[in-house]
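Listing of start.cif, mmCIF, C-alpha atoms
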data_data
loop_
_atom_site.label_atom_id
_atom_site.label_comp_id
_atom_site.auth_asym_id
_atom_site.auth_seq_id
_atom_site.Cartn_x
_atom_site.Cartn_y
_atom_site.Cartn_z
CA MET A 1 59.61 169.12 -128.00
CA ALA A 2 61.22 167.14 -130.82
CA ASN A 3 63.94 164.53 -130.63
CA ASP A 4 67.07 165.36 -132.65
CA ARG A 5 66.84 162.64 -135.30
CA GLY A 6 66.71 164.38 -138.67
CA THR A 7 63.81 163.29 -140.86
CA HIS A 8 62.43 161.26 -137.99
CA ASP A 9 62.14 164.22 -135.62
CA PHE A 10 58.80 163.81 -133.90
CA VAL A 11 56.65 165.62 -131.40
CA GLU A 12 56.69 163.73 -128.11
CA ASP A 13 53.31 162.38 -126.97
CA LEU A 14 52.77 160.96 -123.49
CA ARG A 15 49.92 158.79 -124.75
CA ASN A 16 52.59 156.48 -126.17
CA LEU A 17 53.41 155.32 -122.65
CA GLU A 18 50.05 153.54 -122.56
CA ILE A 19 49.96 151.87 -125.98
CA LEU A 20 49.06 148.24 -126.49
CA VAL A 21 51.38 146.26 -128.78
CA TYR A 22 50.10 143.38 -130.92
CA ILE A 23 52.17 140.17 -130.80
CA ASN A 24 50.85 137.02 -132.48
CA GLY A 25 47.17 137.49 -131.71
CA LYS A 26 47.44 139.14 -128.29
CA PHE A 27 47.86 142.68 -127.00
CA TYR A 28 50.41 143.69 -124.38
CA PRO A 29 51.14 146.97 -122.59
CA ARG A 30 54.24 148.63 -124.01
CA GLN A 31 56.41 147.75 -121.01
CA ASP A 32 55.40 144.08 -121.22
CA ALA A 33 55.71 143.62 -125.00
CA SER A 34 58.50 141.15 -125.73
CA ILE A 35 59.58 138.30 -128.01
CA SER A 36 61.81 135.27 -127.49
CA VAL A 37 65.58 135.65 -127.60
CA PHE A 38 65.40 132.73 -130.06
CA ASP A 39 63.30 134.75 -132.51
CA SER A 40 64.77 134.99 -136.02
CA GLY A 41 64.33 138.73 -136.06
CA TYR A 42 66.32 139.21 -132.88
CA LEU A 43 69.00 136.64 -133.69
CA LEU A 44 69.53 137.40 -137.38
CA GLY A 45 67.44 140.31 -138.60
CA ASP A 46 65.55 137.69 -140.61
CA GLY A 47 62.23 139.16 -141.65
CA VAL A 48 60.46 142.11 -143.26
CA TRP A 49 58.67 145.20 -142.01
CA GLU A 50 56.63 148.25 -142.97
CA GLY A 51 56.09 151.68 -141.47
CA ILE A 52 52.55 152.89 -142.18
CA ARG A 53 50.71 156.11 -141.31
CA PHE A 54 47.19 156.02 -139.85
CA HIS A 55 45.43 159.27 -140.69
CA LYS A 56 41.80 160.19 -140.03
CA GLY A 57 40.71 156.59 -139.55
CA LYS A 58 42.59 155.11 -142.50
CA PHE A 59 45.94 153.49 -143.15
CA LEU A 60 47.53 155.50 -145.95
CA PHE A 61 48.67 153.80 -149.16
CA LEU A 62 48.06 150.44 -147.50
CA GLY A 63 47.95 148.49 -150.76
CA PRO A 64 51.49 149.43 -151.89
CA HIS A 65 52.85 148.90 -148.37
CA LEU A 66 51.44 145.40 -148.04
CA GLU A 67 52.37 144.47 -151.59
CA ARG A 68 55.96 145.40 -150.73
CA LEU A 69 55.77 143.42 -147.48
CA PHE A 70 54.53 140.25 -149.18
CA TRP A 71 56.93 140.69 -152.11
CA GLY A 72 59.86 141.08 -149.73
CA ALA A 73 58.80 137.98 -147.81
CA SER A 74 58.63 136.01 -151.05
CA GLN A 75 62.16 137.11 -151.96
CA ILE A 76 63.53 135.56 -148.77
CA ASP A 77 61.34 132.42 -149.08
CA MET A 78 59.27 133.32 -146.03
CA ASP A 79 55.57 132.48 -145.80
CA ILE A 80 53.95 135.17 -143.66
CA GLY A 81 51.23 132.70 -142.73
CA LYS A 82 48.45 135.27 -143.14
CA THR A 83 46.57 136.63 -146.12
CA MET A 84 46.76 140.31 -146.95
CA ASP A 85 43.18 140.73 -145.68
CA GLU A 86 44.12 139.09 -142.37
CA ILE A 87 47.05 141.50 -141.95
CA ILE A 88 44.69 144.40 -142.65
CA GLU A 89 42.34 143.10 -139.94
CA ILE A 90 45.25 142.93 -137.48
CA LEU A 91 46.26 146.51 -138.26
CA TYR A 92 42.77 147.92 -137.78
CA GLU A 93 42.19 145.86 -134.64
CA THR A 94 45.42 147.28 -133.21
CA VAL A 95 44.35 150.90 -133.61
CA LYS A 96 40.86 149.98 -132.38
CA GLN A 97 42.27 148.43 -129.20
CA ASN A 98 44.27 151.61 -128.66
CA LYS A 99 41.29 153.89 -129.46
CA MET A 100 43.40 155.69 -132.03
CA GLU A 101 41.87 157.89 -134.71
CA THR A 102 44.65 159.88 -136.38
CA GLY A 103 48.24 161.10 -136.13
CA VAL A 104 49.55 157.57 -135.74
CA HIS A 105 52.58 155.77 -137.19
CA VAL A 106 52.56 151.97 -137.09
CA ARG A 107 55.52 149.61 -137.36
CA LEU A 108 54.45 146.22 -138.75
CA ILE A 109 57.14 143.58 -138.26
CA VAL A 110 57.16 139.97 -139.48
CA SER A 111 60.07 137.73 -138.57
CA ARG A 112 60.57 134.15 -139.73
CA GLY A 113 59.80 132.88 -136.22
CA ILE A 114 61.44 131.01 -133.35
CA LYS A 115 64.67 129.04 -133.86
CA SER A 116 65.48 125.72 -132.23
CA THR A 117 69.03 127.03 -131.81
CA PRO A 118 70.86 130.23 -132.82
CA TYR A 119 71.67 129.40 -136.44
CA GLN A 120 70.92 131.10 -139.76
CA ASP A 121 69.42 128.16 -141.72
CA PRO A 122 65.65 128.79 -142.13
CA SER A 123 65.01 125.07 -141.65
CA PHE A 124 65.90 125.51 -137.97
CA THR A 125 62.74 127.61 -137.50
CA ILE A 126 60.25 125.77 -135.29
CA SER A 127 57.29 128.16 -135.14
CA GLU A 128 55.00 130.22 -137.31
CA PRO A 129 56.25 133.72 -138.18
CA THR A 130 56.27 136.29 -135.40
CA ILE A 131 53.95 139.20 -136.22
CA VAL A 132 54.27 142.42 -134.24
CA VAL A 133 52.41 145.72 -134.62
CA ILE A 134 53.67 148.76 -132.69
CA PRO A 135 51.32 151.77 -132.95
CA GLU A 136 52.47 155.19 -131.75
CA TYR A 137 51.12 158.72 -131.80
CA LYS A 138 53.77 160.30 -133.99
CA GLN A 139 53.71 163.59 -135.82
CA PRO A 140 56.68 164.93 -137.82
CA SER A 141 58.45 167.94 -136.32
CA PRO A 142 57.09 171.15 -137.92
CA ASP A 143 60.56 172.69 -137.62
CA THR A 144 62.14 169.94 -139.70
CA GLN A 145 59.38 170.17 -142.29
CA LYS A 146 60.04 173.89 -142.65
CA ASN A 147 63.80 174.26 -142.19
CA GLY A 148 65.05 170.94 -143.55
CA ILE A 149 67.96 168.66 -142.78
CA LYS A 150 71.70 168.50 -143.42
CA LEU A 151 73.05 165.69 -145.59
CA VAL A 152 76.62 164.45 -145.80
CA SER A 153 77.99 161.91 -148.24
CA VAL A 154 79.16 158.78 -146.46
CA ASP A 155 81.75 156.09 -147.14
CA ILE A 156 79.22 153.25 -146.74
CA ILE A 157 77.73 152.31 -150.12
CA ARG A 158 74.73 150.37 -151.35
CA GLY A 159 75.80 146.94 -152.55
CA SER A 160 74.41 145.00 -155.48
CA SER A 161 71.48 142.62 -155.06
CA LYS A 162 74.02 139.78 -154.96
CA VAL A 163 75.36 141.22 -151.69
CA GLN A 164 72.09 142.30 -150.10
CA ASP A 165 69.02 143.30 -152.09
CA HIS A 166 68.16 146.77 -150.78
CA ARG A 167 64.88 146.75 -152.66
CA ILE A 168 63.62 144.46 -149.88
CA ASN A 169 62.47 146.13 -146.65
CA SER A 170 64.46 143.68 -144.57
CA LEU A 171 64.81 143.64 -140.79
CA SER A 172 68.55 143.47 -141.42
CA LYS A 173 69.37 147.21 -141.54
CA PHE A 174 73.08 147.00 -140.76
CA ASN A 175 74.11 148.70 -144.00
CA CYS A 176 71.82 151.65 -143.20
CA ILE A 177 72.96 151.75 -139.58
CA GLN A 178 76.59 151.95 -140.68
CA ALA A 179 75.72 154.85 -142.99
CA CYS A 180 73.75 156.57 -140.22
CA ILE A 181 76.71 156.32 -137.83
CA ASP A 182 79.09 157.65 -140.48
CA ALA A 183 76.75 160.57 -141.19
CA HIS A 184 76.52 161.52 -137.53
CA ARG A 185 80.30 161.32 -137.14
CA LYS A 186 80.57 163.78 -140.04
CA GLY A 187 78.00 166.15 -138.53
CA GLY A 188 75.05 165.31 -140.76
CA ASP A 189 71.46 164.41 -140.03
CA GLU A 190 71.46 161.66 -142.66
CA GLY A 191 73.95 160.02 -144.97
CA LEU A 192 73.83 160.34 -148.75
CA MET A 193 74.86 156.94 -150.09
CA LEU A 194 76.40 155.98 -153.42
CA ASP A 195 75.80 152.81 -155.40
CA PRO A 196 78.57 150.35 -156.45
CA HIS A 197 79.25 152.43 -159.57
CA GLY A 198 79.75 155.71 -157.71
CA TYR A 199 76.36 157.23 -158.53
CA VAL A 200 74.06 158.73 -155.90
CA SER A 201 71.59 156.10 -154.72
CA THR A 202 69.64 157.03 -151.60
CA CYS A 203 69.93 158.18 -148.00
CA ASN A 204 70.26 155.83 -145.05
CA SER A 205 66.56 156.12 -144.12
CA THR A 206 64.93 158.20 -146.87
CA HIS A 207 65.01 158.65 -150.65
CA PHE A 208 66.93 161.50 -152.23
CA PHE A 209 65.67 163.93 -154.88
CA MET A 210 67.24 167.06 -156.29
CA VAL A 211 65.99 169.93 -158.44
CA LYS A 212 68.16 171.13 -161.31
CA ASP A 213 67.13 173.39 -164.21
CA ASN A 214 63.49 173.16 -163.04
CA ALA A 215 63.50 169.37 -163.32
CA VAL A 216 63.35 166.79 -160.51
CA LEU A 217 65.95 164.02 -160.49
CA THR A 218 66.23 160.88 -158.41
CA SER A 219 68.24 157.69 -158.73
CA THR A 220 67.35 154.77 -160.97
CA GLY A 221 66.07 152.93 -157.90
CA ASP A 222 68.20 149.88 -158.71
CA PHE A 223 70.04 149.97 -155.38
CA CYS A 224 67.42 151.26 -152.96
CA LEU A 225 64.14 150.33 -151.36
CA HIS A 226 60.99 150.45 -153.47
CA GLY A 227 59.79 153.57 -151.64
CA VAL A 228 56.04 154.12 -151.43
CA THR A 229 56.41 157.87 -150.89
CA ARG A 230 59.16 157.99 -153.51
CA GLN A 231 56.78 156.52 -156.08
CA ASN A 232 54.00 158.89 -154.99
CA ILE A 233 56.28 161.87 -155.66
CA ILE A 234 57.29 160.49 -159.07
CA ASP A 235 53.59 160.04 -159.92
CA ILE A 236 52.73 163.53 -158.64
CA CYS A 237 55.41 165.04 -160.86
CA LYS A 238 54.10 163.20 -163.92
CA THR A 239 50.48 164.14 -163.16
CA ASN A 240 51.36 167.83 -162.76
CA SER A 241 53.73 168.05 -165.74
CA ILE A 242 56.81 168.58 -163.57
CA PRO A 243 59.80 167.07 -165.41
CA ILE A 244 61.02 164.02 -163.45
CA TYR A 245 63.95 161.76 -164.30
CA GLU A 246 65.10 158.51 -162.73
CA LYS A 247 68.72 158.43 -163.80
CA ASN A 248 72.34 158.12 -162.73
CA PHE A 249 74.06 161.25 -161.40
CA THR A 250 77.12 162.02 -159.31
CA LEU A 251 77.89 164.02 -156.19
CA SER A 252 79.29 166.76 -158.45
CA ASP A 253 75.85 167.03 -160.06
CA VAL A 254 74.28 167.23 -156.61
CA TYR A 255 76.56 170.09 -155.55
CA ASP A 256 75.25 172.13 -158.49
CA CYS A 257 71.56 171.57 -157.77
CA GLU A 258 69.15 174.37 -156.86
CA GLU A 259 67.10 172.42 -154.32
CA ALA A 260 67.04 169.00 -152.74
CA PHE A 261 64.60 167.04 -150.62
CA VAL A 262 64.10 163.57 -149.21
CA THR A 263 60.99 161.44 -148.92
CA GLY A 264 59.70 158.83 -146.52
CA THR A 265 56.49 157.45 -145.08
CA PHE A 266 56.87 159.28 -141.78
CA GLY A 267 58.19 162.68 -142.86
CA GLY A 268 56.60 162.89 -146.31
CA VAL A 269 58.60 165.49 -148.25
CA VAL A 270 61.44 167.02 -146.19
CA PRO A 271 63.68 169.76 -147.64
CA VAL A 272 67.48 169.63 -147.50
CA ASN A 273 69.32 172.76 -146.39
CA GLU A 274 72.91 171.61 -146.88
CA ILE A 275 74.88 168.85 -148.62
CA ASP A 276 78.58 168.41 -147.82
CA GLY A 277 78.90 172.08 -146.93
CA HIS A 278 76.97 173.30 -149.97
CA GLU A 279 74.05 175.38 -148.69
CA LEU A 280 70.70 175.18 -150.47
CA LYS A 281 67.66 177.40 -150.46
CA VAL A 282 64.76 175.89 -148.53
CA LEU A 283 61.15 176.33 -149.65
CA GLY A 284 61.77 179.78 -151.13
CA ASP A 285 59.92 181.56 -153.92
CA ASN A 286 59.04 179.24 -156.83
CA SER A 287 60.31 176.27 -154.82
CA ILE A 288 59.51 172.95 -156.45
CA ALA A 289 60.08 171.19 -153.12
CA ALA A 290 57.46 173.42 -151.50
CA LEU A 291 55.06 172.70 -154.36
CA LEU A 292 55.61 168.96 -153.97
CA GLN A 293 55.09 169.20 -150.20
CA SER A 294 51.72 170.80 -150.90
CA TYR A 295 50.76 168.28 -153.58
CA TYR A 296 51.76 165.39 -151.33
CA ASN A 297 49.75 166.74 -148.39
CA ASP A 298 46.75 167.05 -150.71
CA LEU A 299 47.26 163.43 -151.78
CA VAL A 300 47.31 162.33 -148.12
CA GLU A 301 44.01 164.07 -147.48
CA LEU A 302 42.50 162.56 -150.63
CA GLU A 303 43.73 159.09 -149.67
CA SER A 304 42.22 159.36 -146.17
CA SER A 305 38.85 160.49 -147.52
CA ASN A 306 38.39 157.63 -150.01
#

Could I get this structure in the form of structure tokens?
Amino acid sequence: MANDRGTHDFVEDLRNLEILVYINGKFYPRQDASISVFDSGYLLGDGVWEGIRFHKGKFLFLGPHLERLFWGASQIDMDIGKTMDEIIEILYETVKQNKMETGVHVRLIVSRGIKSTPYQDPSFTISEPTIVVIPEYKQPSPDTQKNGIKLVSVDIIRGSSKVQDHRINSLSKFNCIQACIDAHRKGGDEGLMLDPHGYVSTCNSTHFFMVKDNAVLTSTGDFCLHGVTRQNIIDICKTNSIPIYEKNFTLSDVYDCEEAFVTGTFGGVVPVNEIDGHELKVLGDNSIAALLQSYYNDLVELESSN
């Protein structure tokens, strides 16, 4: 049975009730895993995170994920306090402690640490960063992969980097949460967000692509997260001579598209069946989205075998 959460629909797994969560060098049963109320992540959303798949004994695309994590930390002047190799050791020790082999999604969270008092200034931090790893058995819903999701355009936009740099995978997700709430109020599974100039940017939790005249289009990426799966799809298109453009386009352009899909670490390539009342074909004959789903799944298998 899947939870009704759009691209993050997942097949429930009772093994998740028994997981061990890593917190700063120790492992705790799920029900006992906790952090201080004075933690920067809890108080302020001050930190960075990554969602990473563990498939057939290997963390997928780990290099790009950790590069983004450390880059994001550097952009907010936060020293993670561990090397990349040490973070890798923590990740593999976590799945080892849980005797996990495949079909796992891990949330890696690094906050700035404990505050002496609830205040935003980083100088009030009195501990090393808080590092948390939450591993769960999590498989995307087959129904969502096949039948797709419904998108609605939302009133919440992506701001410029001078407001909040959305290229950073920050713990502060309020902008995305606002868009998610707006989308649900309008009857959508996810919200399609515009940038400050009125062009289509991204969705609240995934990256948006559309197919028009046998070419794949996505945003410039200036106002959205540096998506690992997004980049994989761009690279796949280039490798397989599928025309791909990172450019500005409007909602009117989207309404005229032949296909659309979204990408993310958890769901991979997920088709879109409707945008603002405009119905789209889903994985039909000669579907580029279906082809990219297949290519991406092949890439996952190749990545896990190397």

(request) Could you tell me which residues the PyMOL selection byres ((chain A and resi 198-202) around 7) grabs in this file, written as a PyMOL selection string? (result) chain A and resi 192-197+203-204+206-208+219+223-224+248-251

(request) With a distance cut-off of 10 Å and all atoms listed in the file, select the neighbouring residues of A:Gly57, excluding the residue or stretch itself and same-chain residues fewer than 2 positions from it, and output the selection as a ChimeraX atom specification. (result) /A:54-55,59-60,92,95-96,100-104,304-305

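Taking atom CA of A:Ala289 and atom CA of A:Gly264 as endpoints, the distance between them is 14.0 Å.
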
(request) Using the chain letters and numbers from the file, give me the residues hit by the PyMOL selection byres ((chain A and resi 270) around 9), as a PyMOL selection string. (result) chain A and resi 7+144-149+260-264+267-269+271-272+289+293

(request) Apply the PyMOL selection byres ((chain A and resi 33) around 10) to the displayed file and report the matching residues as a ChimeraX atom specification. (result) /A:20-23,26-32,34-35,132,134

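Taking atom CA of A:Asn240 and atom CA of A:Asn214 as endpoints, the distance between them is 13.3 Å.
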
(message) For a quick check of understanding, using only C-alpha atoms, which of A:Asn169, A:Gln178, A:Gln97, A:Ser116 has the smallest distance to A:Ile157?
(response) A:Gln178

(request) Enter the distance from atom CA of A:Thr125 to atom CA of A:Met84, in Å, rounded to one decimal. (result) 22.5 Å

(request) Name the residues, using the chain letters and numbers of the file, that sit within 10 Å of (73.9, 171.5, -157.4) when counting all atoms listed in the file, and give them as an NGL selection string. (result) :A and (210-213 or 251-260 or 275 or 278-280)

Put the listed atoms of stretch 245-253 of chain A in a box along x, y and z with 8 Å added on every side and give me the centre and edge lengths in Å to one decimal, as JSON.
{"center_x": 71.6, "center_y": 162.6, "center_z": -160.2, "size_x": 31.3, "size_y": 24.9, "size_z": 24.1}

(message) Calculated over all atoms listed in the file, which of the candidates A:Leu171, A:Ile52, A:Ile234, A:Val152 has the smallest distance to A:Lys186?
(response)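 The closest residue to A:Lys186 is A:Val152.
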
(request) Please identify all polymer residues within 9 Å of A:Cys176, counting all atoms listed in the file, omitting same-chain residues fewer than 5 positions from it, and present them as a list in words. (result)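 Those residues are Ile156, Arg158, Ile181, Gly191, Cys203, Asn204 and Ser205 of chain A.
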
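Point (63.8, 138.9, -145.7) has the following residues at most 7 Å away: Asp46, Gly47, Val48, Gly72, Ala73, Gln75, Ile76, Ile168, Ser170 and Leu171 of chain A (atoms considered: all atoms listed in the file).
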
(request) Can you work out which one of A:Lys115, A:Arg53, A:His226, A:His184 has the shortest atom-to-atom distance to A:Val37, counting all atoms listed in the file? (result) A:Lys115

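For the residues A:Asp79, A:Asp39, A:Asp182, A:Glu274, ranking by smallest atom-to-atom distance to A:Thr117 using all atoms listed in the file places A:Asp39 first.
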